[in-house]
Amino acid sequence: AIEKNGGCMHMTCRKPGGCGHEFCWICLEDWNAHQTCNAPKEKLAVKNARAELLRYGHYWERFANHEVAQKSSAGALKDKLSALVACFVAENVFNAKDVEFLLCAADQITRCRRFLKWTYAFAFFMKATEDKKKLFEFHQGQLEGTVERLSDLVENTRWEEYLEIDVAESRDFEQKRGQTVGLTKVVHDFFDSLHQWIQETFPDG
């Protein structure tokens with residue numbers, strides 16, 4: 001055992017019986033290379049653990065957010081749109097074929113939310129070169145960004161207002177429908193693109 005019996009921070013494991021090692025009493029670093037220890041320092045292992053925790057938090061947060069959004073689109077959103085489609089048909093505003101694009105969009109959003117959440121789990125464990133990681137994130141970002149645009153359009157458009165106007169003369173409705181159909185197809189294509197890229201790039205899973 002080493003006992004400190006003075007005010008000096010320069011400690012020596014004295015011989016005989018000791019090894020002769022000299023160190024700082026406060027930080028325990030080798031005295032020969034010691035300069036100051038007044039500023040707080042994190043050991044490499046602590047830094048690495050902190051970085052890994054932040055990394056985990058990044059992927060977990062996005063996984064969890066997409067899971068919540070997936071449940072919402074599969075539940076409340078799908079129920080709302082199904083009721084709305086039934087009203088359009090019952091009021092003879094449209095036939096079912098004219099408004100099925102709303103349900104197709106909701107299904108596509110749910111499908112992509114489910115897929116996107118697992119791409120974050122995949123990314124956390126992915127072992128790949130930096131170039132492959134960047135390409136993966138590019139494909140992922142394309143899909144995610146387009147899903148958000150489609151989700152925003154479908155969820156925040158007040159479709160029920162078209163029950164109260166002459167839809168046949170409403171260019172606004174036709175524009176919204178065209179945008180929704182177009183974005184649904186783009187989302188579908190980006191989904192297939194990312195799914196195929198993952199399968200081709202990581203054939204062993």
# chains A, B, ... in the order shown; residues from 1 in each chain; ligands from 1
$ residues_around --residues "Ala74 of chain A" --least-positions-apart "4" --cutoff "7 Å" --atoms "only C-alpha atoms" --output "list in words"
Gln70, Lys78 and Thr110 of chain A
$ write_last_selection --atoms "N, CA, C and O atoms" --output "PDB file, in the first residue's frame"
ATOM      1  N   GLN A  70     -46.044   4.305 -37.903  1.00  0.00           N
ATOM      2  CA  GLN A  70     -46.589   3.125 -38.584  1.00  0.00           C
ATOM      3  C   GLN A  70     -47.927   2.709 -37.965  1.00  0.00           C
ATOM      4  O   GLN A  70     -48.901   2.439 -38.681  1.00  0.00           O
ATOM      5  N   LYS A  78     -55.932   5.040 -41.382  1.00  0.00           N
ATOM      6  CA  LYS A  78     -56.663   4.121 -42.265  1.00  0.00           C
ATOM      7  C   LYS A  78     -58.159   4.135 -41.942  1.00  0.00           C
ATOM      8  O   LYS A  78     -58.999   4.146 -42.856  1.00  0.00           O
ATOM      9  N   THR A 110     -47.878   3.012 -44.469  1.00  0.00           N
ATOM     10  CA  THR A 110     -47.680   2.006 -43.420  1.00  0.00           C
ATOM     11  C   THR A 110     -46.567   1.040 -43.789  1.00  0.00           C
ATOM     12  O   THR A 110     -45.697   0.717 -42.965  1.00  0.00           O
TER      13      THR A 110
END
$ residues_around --residues "segment 82-97 of chain A" --least-positions-apart "5" --cutoff "12 Å" --atoms "only C-alpha atoms" --output "PyMOL selection string"
chain A and resi 73-77+102-107+158-170+173
$ select_by_dssp --residues "chain A" --states "alpha helix (DSSP H)" --output "mmCIF file with N, CA and C atoms, in the first residue's frame"
data_model
loop_
_atom_site.group_PDB
_atom_site.id
_atom_site.type_symbol
_atom_site.label_atom_id
_atom_site.label_comp_id
_atom_site.auth_asym_id
_atom_site.auth_seq_id
_atom_site.Cartn_x
_atom_site.Cartn_y
_atom_site.Cartn_z
ATOM 1 N N LEU A 44 -10.243 7.003 -22.561
ATOM 2 C CA LEU A 44 -10.648 6.581 -23.899
ATOM 3 C C LEU A 44 -11.849 5.644 -23.845
ATOM 4 N N ALA A 45 -11.835 4.731 -22.880
ATOM 5 C CA ALA A 45 -12.948 3.783 -22.773
ATOM 6 C C ALA A 45 -14.260 4.499 -22.479
ATOM 7 N N VAL A 46 -14.187 5.550 -21.648
ATOM 8 C CA VAL A 46 -15.396 6.319 -21.326
ATOM 9 C C VAL A 46 -15.872 7.088 -22.549
ATOM 10 N N LYS A 47 -14.936 7.681 -23.274
ATOM 11 C CA LYS A 47 -15.292 8.406 -24.500
ATOM 12 C C LYS A 47 -15.958 7.472 -25.501
ATOM 13 N N ASN A 48 -15.372 6.295 -25.658
ATOM 14 C CA ASN A 48 -15.929 5.331 -26.606
ATOM 15 C C ASN A 48 -17.328 4.887 -26.184
ATOM 16 N N ALA A 49 -17.500 4.663 -24.881
ATOM 17 C CA ALA A 49 -18.814 4.248 -24.380
ATOM 18 C C ALA A 49 -19.848 5.350 -24.582
ATOM 19 N N ARG A 50 -19.421 6.605 -24.329
ATOM 20 C CA ARG A 50 -20.341 7.729 -24.517
ATOM 21 C C ARG A 50 -20.732 7.870 -25.988
ATOM 22 N N ALA A 51 -19.757 7.730 -26.882
ATOM 23 C CA ALA A 51 -20.031 7.836 -28.320
ATOM 24 C C ALA A 51 -20.964 6.728 -28.778
ATOM 25 N N GLU A 52 -20.755 5.519 -28.255
ATOM 26 C CA GLU A 52 -21.610 4.391 -28.637
ATOM 27 C C GLU A 52 -23.028 4.574 -28.113
ATOM 28 N N LEU A 53 -23.153 5.168 -26.921
ATOM 29 C CA LEU A 53 -24.479 5.432 -26.362
ATOM 30 C C LEU A 53 -25.227 6.467 -27.196
ATOM 31 N N LEU A 54 -24.521 7.514 -27.614
ATOM 32 C CA LEU A 54 -25.137 8.531 -28.476
ATOM 33 C C LEU A 54 -25.528 7.930 -29.823
ATOM 34 N N ARG A 55 -24.676 7.072 -30.335
ATOM 35 C CA ARG A 55 -24.964 6.403 -31.610
ATOM 36 C C ARG A 55 -26.220 5.533 -31.483
ATOM 37 N N TYR A 56 -26.291 4.772 -30.405
ATOM 38 C CA TYR A 56 -27.469 3.938 -30.165
ATOM 39 C C TYR A 56 -28.732 4.799 -30.068
ATOM 40 N N GLY A 57 -28.632 5.912 -29.328
ATOM 41 C CA GLY A 57 -29.774 6.794 -29.174
ATOM 42 C C GLY A 57 -30.270 7.345 -30.499
ATOM 43 N N HIS A 58 -29.338 7.667 -31.386
ATOM 44 C CA HIS A 58 -29.689 8.185 -32.717
ATOM 45 C C HIS A 58 -30.573 7.200 -33.464
ATOM 46 N N TYR A 59 -30.152 5.937 -33.523
ATOM 47 C CA TYR A 59 -30.892 4.936 -34.286
ATOM 48 C C TYR A 59 -32.177 4.511 -33.574
ATOM 49 N N TRP A 60 -32.113 4.406 -32.236
ATOM 50 C CA TRP A 60 -33.303 4.009 -31.502
ATOM 51 C C TRP A 60 -34.416 5.047 -31.623
ATOM 52 N N GLU A 61 -34.070 6.310 -31.532
ATOM 53 C CA GLU A 61 -35.081 7.377 -31.617
ATOM 54 C C GLU A 61 -35.824 7.313 -32.950
ATOM 55 N N ARG A 62 -35.097 7.110 -34.024
ATOM 56 C CA ARG A 62 -35.718 7.060 -35.346
ATOM 57 C C ARG A 62 -36.521 5.786 -35.542
ATOM 58 N N PHE A 63 -36.014 4.674 -35.022
ATOM 59 C CA PHE A 63 -36.774 3.425 -35.054
ATOM 60 C C PHE A 63 -38.111 3.612 -34.334
ATOM 61 N N ALA A 64 -38.050 4.156 -33.131
ATOM 62 C CA ALA A 64 -39.256 4.323 -32.315
ATOM 63 C C ALA A 64 -40.253 5.282 -32.952
ATOM 64 N N ASN A 65 -39.764 6.371 -33.541
ATOM 65 C CA ASN A 65 -40.657 7.349 -34.177
ATOM 66 C C ASN A 65 -41.378 6.744 -35.374
ATOM 67 N N HIS A 66 -40.663 5.964 -36.173
ATOM 68 C CA HIS A 66 -41.312 5.323 -37.324
ATOM 69 C C HIS A 66 -42.309 4.258 -36.868
ATOM 70 N N GLU A 67 -42.011 3.593 -35.749
ATOM 71 C CA GLU A 67 -42.949 2.592 -35.235
ATOM 72 C C GLU A 67 -44.253 3.247 -34.793
ATOM 73 N N VAL A 68 -44.146 4.379 -34.102
ATOM 74 C CA VAL A 68 -45.350 5.113 -33.686
ATOM 75 C C VAL A 68 -46.132 5.577 -34.915
ATOM 76 N N ALA A 69 -45.412 6.109 -35.905
ATOM 77 C CA ALA A 69 -46.068 6.597 -37.124
ATOM 78 C C ALA A 69 -46.704 5.453 -37.906
ATOM 79 N N GLN A 70 -46.044 4.305 -37.903
ATOM 80 C CA GLN A 70 -46.589 3.125 -38.584
ATOM 81 C C GLN A 70 -47.927 2.709 -37.965
ATOM 82 N N LYS A 71 -47.961 2.664 -36.641
ATOM 83 C CA LYS A 71 -49.197 2.280 -35.951
ATOM 84 C C LYS A 71 -50.305 3.289 -36.210
ATOM 85 N N SER A 72 -49.929 4.562 -36.285
ATOM 86 C CA SER A 72 -50.921 5.607 -36.545
ATOM 87 C C SER A 72 -51.512 5.480 -37.944
ATOM 88 N N LYS A 78 -55.932 5.040 -41.382
ATOM 89 C CA LYS A 78 -56.663 4.121 -42.265
ATOM 90 C C LYS A 78 -58.159 4.135 -41.942
ATOM 91 N N ASP A 79 -58.502 4.175 -40.671
ATOM 92 C CA ASP A 79 -59.919 4.214 -40.275
ATOM 93 C C ASP A 79 -60.587 5.499 -40.760
ATOM 94 N N LYS A 80 -59.882 6.612 -40.606
ATOM 95 C CA LYS A 80 -60.437 7.898 -41.031
ATOM 96 C C LYS A 80 -60.679 7.925 -42.531
ATOM 97 N N LEU A 81 -59.697 7.461 -43.285
ATOM 98 C CA LEU A 81 -59.822 7.487 -44.748
ATOM 99 C C LEU A 81 -60.867 6.492 -45.236
ATOM 100 N N SER A 82 -60.973 5.356 -44.567
ATOM 101 C CA SER A 82 -61.992 4.370 -44.959
ATOM 102 C C SER A 82 -63.388 4.951 -44.763
ATOM 103 N N ALA A 83 -63.587 5.650 -43.639
ATOM 104 C CA ALA A 83 -64.880 6.282 -43.378
ATOM 105 C C ALA A 83 -65.160 7.382 -44.396
ATOM 106 N N LEU A 84 -64.123 8.126 -44.744
ATOM 107 C CA LEU A 84 -64.277 9.208 -45.711
ATOM 108 C C LEU A 84 -64.642 8.667 -47.087
ATOM 109 N N VAL A 85 -63.977 7.593 -47.516
ATOM 110 C CA VAL A 85 -64.285 6.966 -48.804
ATOM 111 C C VAL A 85 -65.738 6.482 -48.811
ATOM 112 N N ALA A 86 -66.171 5.896 -47.705
ATOM 113 C CA ALA A 86 -67.553 5.423 -47.615
ATOM 114 C C ALA A 86 -68.545 6.582 -47.745
ATOM 115 N N CYS A 87 -68.199 7.728 -47.163
ATOM 116 C CA CYS A 87 -69.067 8.911 -47.270
ATOM 117 C C CYS A 87 -69.119 9.431 -48.702
ATOM 118 N N PHE A 88 -67.956 9.500 -49.350
ATOM 119 C CA PHE A 88 -67.919 9.949 -50.749
ATOM 120 C C PHE A 88 -68.829 9.080 -51.622
ATOM 121 N N VAL A 89 -68.743 7.777 -51.413
ATOM 122 C CA VAL A 89 -69.534 6.846 -52.219
ATOM 123 C C VAL A 89 -71.012 6.938 -51.861
ATOM 124 N N ALA A 90 -71.327 7.001 -50.558
ATOM 125 C CA ALA A 90 -72.727 7.063 -50.120
ATOM 126 C C ALA A 90 -73.424 8.332 -50.596
ATOM 127 N N ALA A 96 -66.287 4.284 -55.812
ATOM 128 C CA ALA A 96 -65.179 3.768 -55.012
ATOM 129 C C ALA A 96 -63.849 3.824 -55.749
ATOM 130 N N LYS A 97 -63.881 3.612 -57.066
ATOM 131 C CA LYS A 97 -62.654 3.614 -57.861
ATOM 132 C C LYS A 97 -61.995 4.984 -57.854
ATOM 133 N N ASP A 98 -62.800 6.041 -57.812
ATOM 134 C CA ASP A 98 -62.265 7.408 -57.874
ATOM 135 C C ASP A 98 -61.480 7.800 -56.625
ATOM 136 N N VAL A 99 -61.802 7.198 -55.492
ATOM 137 C CA VAL A 99 -61.173 7.622 -54.238
ATOM 138 C C VAL A 99 -60.334 6.522 -53.574
ATOM 139 N N GLU A 100 -60.139 5.422 -54.287
ATOM 140 C CA GLU A 100 -59.330 4.349 -53.707
ATOM 141 C C GLU A 100 -57.867 4.768 -53.541
ATOM 142 N N PHE A 101 -57.468 5.862 -54.219
ATOM 143 C CA PHE A 101 -56.084 6.337 -54.104
ATOM 144 C C PHE A 101 -55.737 6.713 -52.663
ATOM 145 N N LEU A 102 -56.752 7.123 -51.894
ATOM 146 C CA LEU A 102 -56.505 7.490 -50.495
ATOM 147 C C LEU A 102 -56.099 6.266 -49.664
ATOM 148 N N LEU A 103 -56.784 5.161 -49.877
ATOM 149 C CA LEU A 103 -56.465 3.939 -49.136
ATOM 150 C C LEU A 103 -55.147 3.336 -49.612
ATOM 151 N N CYS A 104 -54.887 3.463 -50.908
ATOM 152 C CA CYS A 104 -53.600 2.986 -51.439
ATOM 153 C C CYS A 104 -52.443 3.771 -50.825
ATOM 154 N N ALA A 105 -52.631 5.080 -50.682
ATOM 155 C CA ALA A 105 -51.587 5.925 -50.090
ATOM 156 C C ALA A 105 -51.356 5.548 -48.636
ATOM 157 N N ALA A 106 -52.434 5.322 -47.878
ATOM 158 C CA ALA A 106 -52.293 4.945 -46.470
ATOM 159 C C ALA A 106 -51.565 3.613 -46.327
ATOM 160 N N ASP A 107 -51.891 2.659 -47.195
ATOM 161 C CA ASP A 107 -51.218 1.355 -47.159
ATOM 162 C C ASP A 107 -49.737 1.496 -47.477
ATOM 163 N N GLN A 108 -49.423 2.349 -48.452
ATOM 164 C CA GLN A 108 -48.025 2.537 -48.830
ATOM 165 C C GLN A 108 -47.236 3.220 -47.709
ATOM 166 N N ILE A 109 -47.854 4.175 -47.046
ATOM 167 C CA ILE A 109 -47.207 4.855 -45.915
ATOM 168 C C ILE A 109 -46.898 3.848 -44.806
ATOM 169 N N THR A 110 -47.878 3.012 -44.469
ATOM 170 C CA THR A 110 -47.680 2.006 -43.420
ATOM 171 C C THR A 110 -46.567 1.040 -43.789
ATOM 172 N N ARG A 111 -46.602 0.575 -45.030
ATOM 173 C CA ARG A 111 -45.577 -0.370 -45.509
ATOM 174 C C ARG A 111 -44.185 0.228 -45.395
ATOM 175 N N CYS A 112 -44.052 1.494 -45.770
ATOM 176 C CA CYS A 112 -42.736 2.137 -45.752
ATOM 177 C C CYS A 112 -42.287 2.498 -44.345
ATOM 178 N N ARG A 113 -43.215 2.881 -43.487
ATOM 179 C CA ARG A 113 -42.849 3.149 -42.091
ATOM 180 C C ARG A 113 -42.289 1.881 -41.447
ATOM 181 N N ARG A 114 -42.951 0.763 -41.707
ATOM 182 C CA ARG A 114 -42.484 -0.506 -41.141
ATOM 183 C C ARG A 114 -41.082 -0.825 -41.651
ATOM 184 N N PHE A 115 -40.874 -0.623 -42.941
ATOM 185 C CA PHE A 115 -39.569 -0.911 -43.539
ATOM 186 C C PHE A 115 -38.507 0.058 -43.032
ATOM 187 N N LEU A 116 -38.856 1.332 -42.964
ATOM 188 C CA LEU A 116 -37.885 2.347 -42.545
ATOM 189 C C LEU A 116 -37.405 2.129 -41.114
ATOM 190 N N LYS A 117 -38.307 1.763 -40.219
ATOM 191 C CA LYS A 117 -37.876 1.570 -38.829
ATOM 192 C C LYS A 117 -36.819 0.475 -38.755
ATOM 193 N N TRP A 118 -36.990 -0.583 -39.566
ATOM 194 C CA TRP A 118 -36.010 -1.667 -39.525
ATOM 195 C C TRP A 118 -34.723 -1.315 -40.254
ATOM 196 N N THR A 119 -34.776 -0.335 -41.165
ATOM 197 C CA THR A 119 -33.511 0.099 -41.788
ATOM 198 C C THR A 119 -32.609 0.765 -40.754
ATOM 199 N N TYR A 120 -33.198 1.361 -39.709
ATOM 200 C CA TYR A 120 -32.372 1.972 -38.661
ATOM 201 C C TYR A 120 -31.750 0.903 -37.768
ATOM 202 N N ALA A 121 -32.478 -0.167 -37.507
ATOM 203 C CA ALA A 121 -31.877 -1.284 -36.771
ATOM 204 C C ALA A 121 -30.764 -1.906 -37.613
ATOM 205 N N PHE A 122 -31.019 -2.054 -38.899
ATOM 206 C CA PHE A 122 -30.016 -2.610 -39.812
ATOM 207 C C PHE A 122 -28.771 -1.730 -39.846
ATOM 208 N N ALA A 123 -28.976 -0.420 -39.913
ATOM 209 C CA ALA A 123 -27.849 0.514 -39.990
ATOM 210 C C ALA A 123 -26.996 0.470 -38.730
ATOM 211 N N PHE A 124 -27.629 0.262 -37.572
ATOM 212 C CA PHE A 124 -26.883 0.223 -36.309
ATOM 213 C C PHE A 124 -25.875 -0.926 -36.299
ATOM 214 N N PHE A 125 -26.269 -2.062 -36.852
ATOM 215 C CA PHE A 125 -25.401 -3.239 -36.833
ATOM 216 C C PHE A 125 -24.597 -3.420 -38.126
ATOM 217 N N GLU A 130 -17.160 2.977 -45.712
ATOM 218 C CA GLU A 130 -17.752 4.303 -45.595
ATOM 219 C C GLU A 130 -18.554 4.662 -46.834
ATOM 220 N N ASP A 131 -18.090 4.260 -48.007
ATOM 221 C CA ASP A 131 -18.812 4.546 -49.249
ATOM 222 C C ASP A 131 -20.164 3.837 -49.275
ATOM 223 N N LYS A 132 -20.194 2.585 -48.823
ATOM 224 C CA LYS A 132 -21.454 1.845 -48.808
ATOM 225 C C LYS A 132 -22.408 2.438 -47.787
ATOM 226 N N LYS A 133 -21.886 2.883 -46.652
ATOM 227 C CA LYS A 133 -22.734 3.513 -45.640
ATOM 228 C C LYS A 133 -23.372 4.784 -46.190
ATOM 229 N N LYS A 134 -22.585 5.581 -46.910
ATOM 230 C CA LYS A 134 -23.113 6.827 -47.475
ATOM 231 C C LYS A 134 -24.171 6.536 -48.530
ATOM 232 N N LEU A 135 -23.944 5.495 -49.341
ATOM 233 C CA LEU A 135 -24.919 5.144 -50.371
ATOM 234 C C LEU A 135 -26.207 4.632 -49.727
ATOM 235 N N PHE A 136 -26.055 3.845 -48.674
ATOM 236 C CA PHE A 136 -27.223 3.368 -47.941
ATOM 237 C C PHE A 136 -28.025 4.539 -47.380
ATOM 238 N N GLU A 137 -27.347 5.478 -46.755
ATOM 239 C CA GLU A 137 -28.020 6.632 -46.158
ATOM 240 C C GLU A 137 -28.672 7.504 -47.230
ATOM 241 N N PHE A 138 -28.082 7.543 -48.426
ATOM 242 C CA PHE A 138 -28.680 8.295 -49.538
ATOM 243 C C PHE A 138 -30.015 7.668 -49.923
ATOM 244 N N HIS A 139 -30.029 6.347 -50.134
ATOM 245 C CA HIS A 139 -31.265 5.645 -50.491
ATOM 246 C C HIS A 139 -32.295 5.763 -49.371
ATOM 247 N N GLN A 140 -31.845 5.587 -48.149
ATOM 248 C CA GLN A 140 -32.729 5.690 -46.989
ATOM 249 C C GLN A 140 -33.347 7.079 -46.893
ATOM 250 N N GLY A 141 -32.512 8.103 -47.098
ATOM 251 C CA GLY A 141 -32.985 9.481 -47.039
ATOM 252 C C GLY A 141 -33.996 9.804 -48.122
ATOM 253 N N GLN A 142 -33.782 9.262 -49.324
ATOM 254 C CA GLN A 142 -34.749 9.474 -50.409
ATOM 255 C C GLN A 142 -36.112 8.913 -50.042
ATOM 256 N N LEU A 143 -36.109 7.675 -49.540
ATOM 257 C CA LEU A 143 -37.374 7.047 -49.166
ATOM 258 C C LEU A 143 -38.028 7.798 -48.012
ATOM 259 N N GLU A 144 -37.252 8.103 -46.993
ATOM 260 C CA GLU A 144 -37.806 8.763 -45.818
ATOM 261 C C GLU A 144 -38.388 10.134 -46.157
ATOM 262 N N GLY A 145 -37.650 10.915 -46.935
ATOM 263 C CA GLY A 145 -38.118 12.248 -47.288
ATOM 264 C C GLY A 145 -39.402 12.225 -48.094
ATOM 265 N N THR A 146 -39.503 11.261 -49.009
ATOM 266 C CA THR A 146 -40.696 11.179 -49.845
ATOM 267 C C THR A 146 -41.890 10.648 -49.058
ATOM 268 N N VAL A 147 -41.645 9.722 -48.147
ATOM 269 C CA VAL A 147 -42.723 9.237 -47.281
ATOM 270 C C VAL A 147 -43.283 10.380 -46.433
ATOM 271 N N GLU A 148 -42.402 11.247 -45.940
ATOM 272 C CA GLU A 148 -42.869 12.372 -45.130
ATOM 273 C C GLU A 148 -43.730 13.323 -45.961
ATOM 274 N N ARG A 149 -43.341 13.539 -47.211
ATOM 275 C CA ARG A 149 -44.148 14.408 -48.085
ATOM 276 C C ARG A 149 -45.524 13.801 -48.344
ATOM 277 N N LEU A 150 -45.537 12.494 -48.614
ATOM 278 C CA LEU A 150 -46.822 11.822 -48.855
ATOM 279 C C LEU A 150 -47.672 11.820 -47.592
ATOM 280 N N SER A 151 -47.061 11.529 -46.466
ATOM 281 C CA SER A 151 -47.791 11.506 -45.199
ATOM 282 C C SER A 151 -48.371 12.878 -44.873
ATOM 283 N N ASP A 152 -47.596 13.909 -45.095
ATOM 284 C CA ASP A 152 -48.056 15.280 -44.844
ATOM 285 C C ASP A 152 -49.258 15.610 -45.723
ATOM 286 N N LEU A 153 -49.176 15.244 -46.999
ATOM 287 C CA LEU A 153 -50.260 15.528 -47.933
ATOM 288 C C LEU A 153 -51.540 14.786 -47.554
ATOM 289 N N VAL A 154 -51.412 13.510 -47.261
ATOM 290 C CA VAL A 154 -52.589 12.688 -46.978
ATOM 291 C C VAL A 154 -53.209 13.051 -45.630
ATOM 292 N N GLU A 155 -52.383 13.267 -44.614
ATOM 293 C CA GLU A 155 -52.900 13.503 -43.266
ATOM 294 C C GLU A 155 -53.407 14.927 -43.053
ATOM 295 N N ASN A 156 -52.822 15.884 -43.739
ATOM 296 C CA ASN A 156 -53.138 17.293 -43.458
ATOM 297 C C ASN A 156 -54.038 17.954 -44.486
ATOM 298 N N ARG A 171 -60.854 22.037 -59.335
ATOM 299 C CA ARG A 171 -59.506 21.747 -59.816
ATOM 300 C C ARG A 171 -58.580 21.419 -58.657
ATOM 301 N N ASP A 172 -58.878 21.987 -57.489
ATOM 302 C CA ASP A 172 -58.031 21.757 -56.327
ATOM 303 C C ASP A 172 -58.026 20.280 -55.946
ATOM 304 N N PHE A 173 -59.212 19.654 -55.974
ATOM 305 C CA PHE A 173 -59.277 18.237 -55.630
ATOM 306 C C PHE A 173 -58.491 17.403 -56.629
ATOM 307 N N GLU A 174 -58.653 17.715 -57.894
ATOM 308 C CA GLU A 174 -57.932 16.957 -58.920
ATOM 309 C C GLU A 174 -56.425 17.127 -58.767
ATOM 310 N N GLN A 175 -56.028 18.324 -58.383
ATOM 311 C CA GLN A 175 -54.604 18.563 -58.162
ATOM 312 C C GLN A 175 -54.097 17.746 -56.975
ATOM 313 N N LYS A 176 -54.849 17.735 -55.881
ATOM 314 C CA LYS A 176 -54.465 16.970 -54.698
ATOM 315 C C LYS A 176 -54.427 15.470 -55.004
ATOM 316 N N ARG A 177 -55.408 15.022 -55.746
ATOM 317 C CA ARG A 177 -55.437 13.602 -56.101
ATOM 318 C C ARG A 177 -54.230 13.241 -56.969
ATOM 319 N N GLY A 178 -53.928 14.094 -57.939
ATOM 320 C CA GLY A 178 -52.779 13.841 -58.804
ATOM 321 C C GLY A 178 -51.473 13.811 -58.015
ATOM 322 N N GLN A 179 -51.330 14.742 -57.074
ATOM 323 C CA GLN A 179 -50.126 14.773 -56.248
ATOM 324 C C GLN A 179 -50.006 13.503 -55.392
ATOM 325 N N THR A 180 -51.140 13.088 -54.836
ATOM 326 C CA THR A 180 -51.133 11.900 -53.973
ATOM 327 C C THR A 180 -50.799 10.647 -54.763
ATOM 328 N N VAL A 181 -51.416 10.494 -55.910
ATOM 329 C CA VAL A 181 -51.136 9.324 -56.754
ATOM 330 C C VAL A 181 -49.675 9.318 -57.190
ATOM 331 N N GLY A 182 -49.176 10.498 -57.590
ATOM 332 C CA GLY A 182 -47.788 10.600 -58.035
ATOM 333 C C GLY A 182 -46.800 10.284 -56.923
ATOM 334 N N LEU A 183 -47.027 10.852 -55.746
ATOM 335 C CA LEU A 183 -46.123 10.603 -54.618
ATOM 336 C C LEU A 183 -46.183 9.150 -54.154
ATOM 337 N N THR A 184 -47.376 8.559 -54.209
ATOM 338 C CA THR A 184 -47.504 7.149 -53.829
ATOM 339 C C THR A 184 -46.653 6.269 -54.724
ATOM 340 N N LYS A 185 -46.629 6.576 -56.003
ATOM 341 C CA LYS A 185 -45.803 5.798 -56.933
ATOM 342 C C LYS A 185 -44.309 6.021 -56.680
ATOM 343 N N VAL A 186 -43.934 7.276 -56.427
ATOM 344 C CA VAL A 186 -42.528 7.576 -56.153
ATOM 345 C C VAL A 186 -42.062 6.849 -54.887
ATOM 346 N N VAL A 187 -42.890 6.877 -53.854
ATOM 347 C CA VAL A 187 -42.562 6.175 -52.612
ATOM 348 C C VAL A 187 -42.404 4.678 -52.877
ATOM 349 N N HIS A 188 -43.309 4.127 -53.647
ATOM 350 C CA HIS A 188 -43.227 2.704 -54.012
ATOM 351 C C HIS A 188 -41.912 2.395 -54.719
ATOM 352 N N ASP A 189 -41.521 3.251 -55.645
ATOM 353 C CA ASP A 189 -40.280 3.034 -56.406
ATOM 354 C C ASP A 189 -39.047 3.157 -55.508
ATOM 355 N N PHE A 190 -39.037 4.144 -54.612
ATOM 356 C CA PHE A 190 -37.900 4.310 -53.696
ATOM 357 C C PHE A 190 -37.812 3.127 -52.727
ATOM 358 N N PHE A 191 -38.972 2.636 -52.293
ATOM 359 C CA PHE A 191 -39.005 1.456 -51.424
ATOM 360 C C PHE A 191 -38.344 0.273 -52.129
ATOM 361 N N ASP A 192 -38.774 0.012 -53.354
ATOM 362 C CA ASP A 192 -38.212 -1.109 -54.115
ATOM 363 C C ASP A 192 -36.726 -0.921 -54.361
ATOM 364 N N SER A 193 -36.314 0.317 -54.613
ATOM 365 C CA SER A 193 -34.905 0.608 -54.891
ATOM 366 C C SER A 193 -34.031 0.306 -53.682
ATOM 367 N N LEU A 194 -34.452 0.776 -52.495
ATOM 368 C CA LEU A 194 -33.666 0.536 -51.285
ATOM 369 C C LEU A 194 -33.682 -0.937 -50.907
ATOM 370 N N HIS A 195 -34.836 -1.569 -51.005
ATOM 371 C CA HIS A 195 -34.952 -2.984 -50.673
ATOM 372 C C HIS A 195 -34.044 -3.831 -51.565
ATOM 373 N N GLN A 196 -34.065 -3.542 -52.859
ATOM 374 C CA GLN A 196 -33.222 -4.283 -53.799
ATOM 375 C C GLN A 196 -31.743 -4.031 -53.539
ATOM 376 N N TRP A 197 -31.395 -2.761 -53.248
ATOM 377 C CA TRP A 197 -29.983 -2.427 -53.002
ATOM 378 C C TRP A 197 -29.456 -3.175 -51.779
ATOM 379 N N ILE A 198 -30.255 -3.249 -50.725
ATOM 380 C CA ILE A 198 -29.837 -3.964 -49.522
ATOM 381 C C ILE A 198 -29.626 -5.446 -49.827
ATOM 382 N N GLN A 199 -30.553 -6.037 -50.559
ATOM 383 C CA GLN A 199 -30.446 -7.453 -50.877
ATOM 384 C C GLN A 199 -29.215 -7.748 -51.746
ATOM 385 N N GLU A 200 -28.923 -6.856 -52.694
ATOM 386 C CA GLU A 200 -27.783 -7.075 -53.585
ATOM 387 C C GLU A 200 -26.446 -6.781 -52.906
ATOM 388 N N THR A 201 -26.426 -5.774 -52.039
ATOM 389 C CA THR A 201 -25.190 -5.351 -51.393
ATOM 390 C C THR A 201 -24.832 -6.216 -50.193
#
$ select_by_dssp --residues "segment 6-150 of chain A" --states "strand (DSSP E or B)" --output "MDAnalysis selection string"
chainID A and resid 10:12 22:24 30
$ residues_around --residues "segment 19-23 of chain A" --least-positions-apart "2" --cutoff "12 Å" --atoms "only C-alpha atoms" --output "list of chain:residue names"
A:Ala1, A:Ile2, A:Cys8, A:Met9, A:His10, A:Met11, A:Thr12, A:Cys13, A:Arg14, A:Lys15, A:Pro16, A:Gly17, A:Trp25, A:Ile26, A:Cys27, A:Leu28, A:Glu29, A:Asp30, A:Trp31, A:Asn32, A:Ala33, A:His34, A:Gln35, A:Cys37
$ atom_distance --atom1 "atom CA of Gly6 of chain A" --atom2 "atom CA of Pro40 of chain A"
23.9 Å
